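See structure below.
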Amino acid sequence: MKIAIGNDHAAVELREVITEYLKELGHDVDNYGAAAGEKCDYPAVGKKVGELVAAGDYDCGILICGTGVGISIAANKVKGIRAAVCSDTATARLVKQHNNANILAFGARIVGTELAKDIVKSYLDAEFEGGRHQRRVDMISAMEE
Ligand code: RB5
């Protein structure tokens with residue numbers, strides 16, 4: 001998959017670890033996040049990755065800040081984005097299966113490295129189930145009109 005990743009200053013190390021992990025899994029990853037030592041406003045990164053995913057430039061996005069919350073709130077302001085904050089693997093699977101989330105978010109101050117990797121794998125391995133879930137996702141999309 002082609003994946004856009006982004007982070008603020010609270011999540012540089014975890015973003016680097018997750019980027020390497022994604023490459024090991026065979027994905028193409030482009031970074032739009034902060035580098036080490038750089039202060040960064042999470043809304044700008046959430047907006048940027050959200051716009052790229054919504055435009056179809058990437059299959060999905062991964063966003064990491066301190067909690068995963070601020071950066072996902074920003075991304076969710078972009079039309080067509082369904083960004084979901086996940087701190088466990090079951091939720092990460094279900095946000096794809098039921099909500100067709102196109103951005104996965106989590107917090108570097110909340111989840112450890114190994115759990116973060118498992119969350120990413122659970123999200124990427126899952127598939128949207130469609131059917132009744134599609135109708136509900138369509139209802140969310142209609143709210144953007
Ligand atoms: C940055 O200190 C912190 O506020 C940010 O990473 C994030 O947790 C916001 O939601």
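Chain identifiers are assigned as A, B, and so on, following the order in which chains appear in the structure tokens; residues are numbered from 1 within each chain, and ligands are numbered from 1 in order of appearance.
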Pull the strand (DSSP E) assignments for chain A out of DSSP run on the backbone, and list those residues as a ChimeraX atom specification. /A:2-7,28-31,60-65,83-85,103-107
Find the nearest atom pair between each residue of stretch 102-137 of chain A and stretch 91-96 of chain A for residues within 10 Å, count only C-alpha atoms, give distances in Å to one decimal, sort rows by chain and ascending number, and present the table as a Markdown table.
| residue | atom | partner | partner_atom | distance |
| --- | --- | --- | --- | --- |
| A:Asn102 | CA | A:Lys96 | CA | 7.7 |
| A:Ile103 | CA | A:Lys96 | CA | 9.3 |
| A:Leu104 | CA | A:Ala92 | CA | 7.6 |
| A:Ala105 | CA | A:Ala92 | CA | 9.3 |
| A:Phe106 | CA | A:Ala92 | CA | 9.8 |
| A:Asp118 | CA | A:Ala92 | CA | 9.1 |
| A:Ile119 | CA | A:Ala92 | CA | 5.8 |
| A:Val120 | CA | A:Ala92 | CA | 7.4 |
| A:Lys121 | CA | A:Ala92 | CA | 8.6 |
| A:Ser122 | CA | A:Arg93 | CA | 5.2 |
| A:Tyr123 | CA | A:Arg93 | CA | 4.8 |
| A:Leu124 | CA | A:Arg93 | CA | 8.0 |
| A:Asp125 | CA | A:Arg93 | CA | 7.7 |
| A:Ala126 | CA | A:Arg93 | CA | 5.5 |
| A:Glu127 | CA | A:Lys96 | CA | 6.0 |
| A:Phe128 | CA | A:Lys96 | CA | 5.3 |
| A:Glu129 | CA | A:Lys96 | CA | 8.2 |
All residues within 12 Å of ligand 1 are required, counting only C-alpha atoms and all ligand atoms; please report them as a short mmCIF file (atom, residue, chain, number, x, y, z; two decimals) with C-alpha atoms, in the first residue's frame.
data_model
loop_
_atom_site.label_atom_id
_atom_site.label_comp_id
_atom_site.auth_asym_id
_atom_site.auth_seq_id
_atom_site.Cartn_x
_atom_site.Cartn_y
_atom_site.Cartn_z
CA GLY A 6 2.73 12.25 9.84
CA ASN A 7 3.59 13.25 13.41
CA ASP A 8 4.24 16.20 15.65
CA HIS A 9 7.21 16.72 17.97
CA ALA A 10 5.70 14.36 20.56
CA ALA A 11 5.95 11.39 18.21
CA VAL A 12 9.17 11.61 16.18
CA GLY A 33 5.72 14.82 9.92
CA ALA A 34 8.16 16.62 12.14
CA LYS A 39 8.58 21.90 17.05
CA CYS A 40 5.47 21.24 15.06
CA ASP A 41 1.78 22.14 15.22
CA TYR A 42 -0.25 18.94 14.90
CA PRO A 43 -3.21 20.60 13.09
CA ALA A 44 -1.01 21.40 10.08
CA VAL A 45 0.20 17.79 9.81
CA GLY A 46 -3.30 16.36 10.23
CA LEU A 63 -1.02 10.05 12.17
CA ILE A 64 0.77 10.14 15.51
CA CYS A 65 0.86 12.92 18.10
CA GLY A 66 1.03 12.78 21.91
CA THR A 67 -2.44 11.31 22.28
CA GLY A 68 -3.48 10.80 18.66
CA VAL A 69 -6.49 12.97 19.38
CA GLY A 70 -5.50 16.46 18.26
CA ILE A 71 -4.01 15.31 14.98
CA SER A 72 -7.08 13.16 14.20
CA ILE A 73 -9.48 16.00 14.99
CA ALA A 74 -7.61 18.14 12.47
CA ALA A 75 -7.60 15.40 9.81
CA VAL A 85 -7.75 7.09 17.19
CA ALA A 105 -4.16 7.64 14.55
CA PHE A 106 -2.58 6.82 17.88
CA GLY A 107 -0.69 8.50 20.69
CA ALA A 108 3.03 8.17 21.27
CA ARG A 109 2.43 9.07 24.92
CA ILE A 110 -0.31 6.46 25.21
#
Which residue gives the smallest distance to A:Thr113 among A:Gln134, A:Ile62, A:Lys2, A:Val17, with only C-alpha atoms counted?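 Among A:Gln134, A:Ile62, A:Lys2, A:Val17, it is A:Val17 that comes nearest to A:Thr113.
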Which of these, A:Val137, A:Lys79, A:Met1, A:Ala116, has the shortest distance to A:Lys23 once you count only C-alpha atoms?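 Between A:Val137, A:Lys79, A:Met1, A:Ala116, the residue approaching A:Lys23 most closely is A:Met1.
Considering only C-alpha atoms, the residue among A:Val111, A:Ala101, A:Ala4, A:Leu14 positioned nearest to A:Ala55 is A:Ala4.
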Determine the nearest neighbour of A:Ser87 from the options A:Glu16, A:Glu114, A:Glu145, A:Glu51, counting only C-alpha atoms.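 When distances to A:Ser87 are compared using only C-alpha atoms, the smallest one comes from A:Glu114.
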Which of stretch 39-141 of chain A end up as helix (DSSP H, G or I) when DSSP is run on this backbone - answer as number ranges by chain? A: 42-54, 69-75, 89-97, 113-125, 132-141
Write out as a ChimeraX atom specification each polymer residue whose atoms come within 12 Å of A:Ile140, counting only C-alpha atoms; drop sequence neighbours fewer than 2 positions from it. /A:76,79-82,99-101,133-138,142-145
Selection file, N, CA and C atoms, as an mmCIF file, in the first residue's frame:
data_model
loop_
_atom_site.group_PDB
_atom_site.id
_atom_site.type_symbol
_atom_site.label_atom_id
_atom_site.label_comp_id
_atom_site.auth_asym_id
_atom_site.auth_seq_id
_atom_site.Cartn_x
_atom_site.Cartn_y
_atom_site.Cartn_z
ATOM 1 N N ASN A 76 -9.895 15.055 10.531
ATOM 2 C CA ASN A 76 -11.323 14.832 10.308
ATOM 3 C C ASN A 76 -12.059 16.073 9.813
ATOM 4 N N LYS A 79 -12.759 17.024 4.162
ATOM 5 C CA LYS A 79 -13.870 16.280 3.569
ATOM 6 C C LYS A 79 -13.396 14.917 3.056
ATOM 7 N N GLY A 80 -14.118 13.890 3.429
ATOM 8 C CA GLY A 80 -13.791 12.540 2.955
ATOM 9 C C GLY A 80 -12.902 11.764 3.909
ATOM 10 N N ILE A 81 -12.450 12.421 4.968
ATOM 11 C CA ILE A 81 -11.556 11.728 5.901
ATOM 12 C C ILE A 81 -12.329 11.144 7.070
ATOM 13 N N ARG A 82 -11.993 9.900 7.367
ATOM 14 C CA ARG A 82 -12.487 9.223 8.564
ATOM 15 C C ARG A 82 -11.253 8.750 9.323
ATOM 16 N N ASN A 99 -16.051 1.034 9.846
ATOM 17 C CA ASN A 99 -16.088 2.483 9.573
ATOM 18 C C ASN A 99 -15.311 2.872 8.326
ATOM 19 N N ASN A 100 -14.616 1.937 7.743
ATOM 20 C CA ASN A 100 -13.744 2.198 6.592
ATOM 21 C C ASN A 100 -12.855 3.415 6.849
ATOM 22 N N ALA A 101 -12.300 3.465 8.053
ATOM 23 C CA ALA A 101 -11.403 4.578 8.397
ATOM 24 C C ALA A 101 -10.245 4.631 7.408
ATOM 25 N N HIS A 133 -22.666 -1.512 6.772
ATOM 26 C CA HIS A 133 -21.651 -0.535 7.198
ATOM 27 C C HIS A 133 -21.448 0.550 6.128
ATOM 28 N N GLN A 134 -21.601 0.153 4.863
ATOM 29 C CA GLN A 134 -21.477 1.135 3.786
ATOM 30 C C GLN A 134 -22.575 2.195 3.901
ATOM 31 N N ARG A 135 -23.789 1.719 4.205
ATOM 32 C CA ARG A 135 -24.909 2.666 4.340
ATOM 33 C C ARG A 135 -24.623 3.682 5.453
ATOM 34 N N ARG A 136 -24.046 3.218 6.527
ATOM 35 C CA ARG A 136 -23.757 4.113 7.655
ATOM 36 C C ARG A 136 -22.610 5.063 7.336
ATOM 37 N N VAL A 137 -21.617 4.552 6.631
ATOM 38 C CA VAL A 137 -20.518 5.428 6.216
ATOM 39 C C VAL A 137 -21.049 6.482 5.238
ATOM 40 N N ASP A 138 -21.978 6.067 4.371
ATOM 41 C CA ASP A 138 -22.594 7.020 3.438
ATOM 42 C C ASP A 138 -23.348 8.114 4.197
ATOM 43 N N ALA A 142 -22.726 12.069 3.844
ATOM 44 C CA ALA A 142 -23.794 13.013 3.517
ATOM 45 C C ALA A 142 -23.770 14.230 4.444
ATOM 46 N N MET A 143 -23.261 14.051 5.651
ATOM 47 C CA MET A 143 -23.180 15.169 6.596
ATOM 48 C C MET A 143 -22.170 16.225 6.133
ATOM 49 N N GLU A 144 -21.308 15.826 5.193
ATOM 50 C CA GLU A 144 -20.277 16.767 4.714
ATOM 51 C C GLU A 144 -20.795 17.647 3.606
ATOM 52 N N GLU A 145 -21.987 17.340 3.086
ATOM 53 C CA GLU A 145 -22.537 18.113 1.967
ATOM 54 C C GLU A 145 -23.278 19.345 2.466
#
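Counting from atom CA of A:Gly61, the distance to atom CA of A:Gly37 is 23.0 Å.
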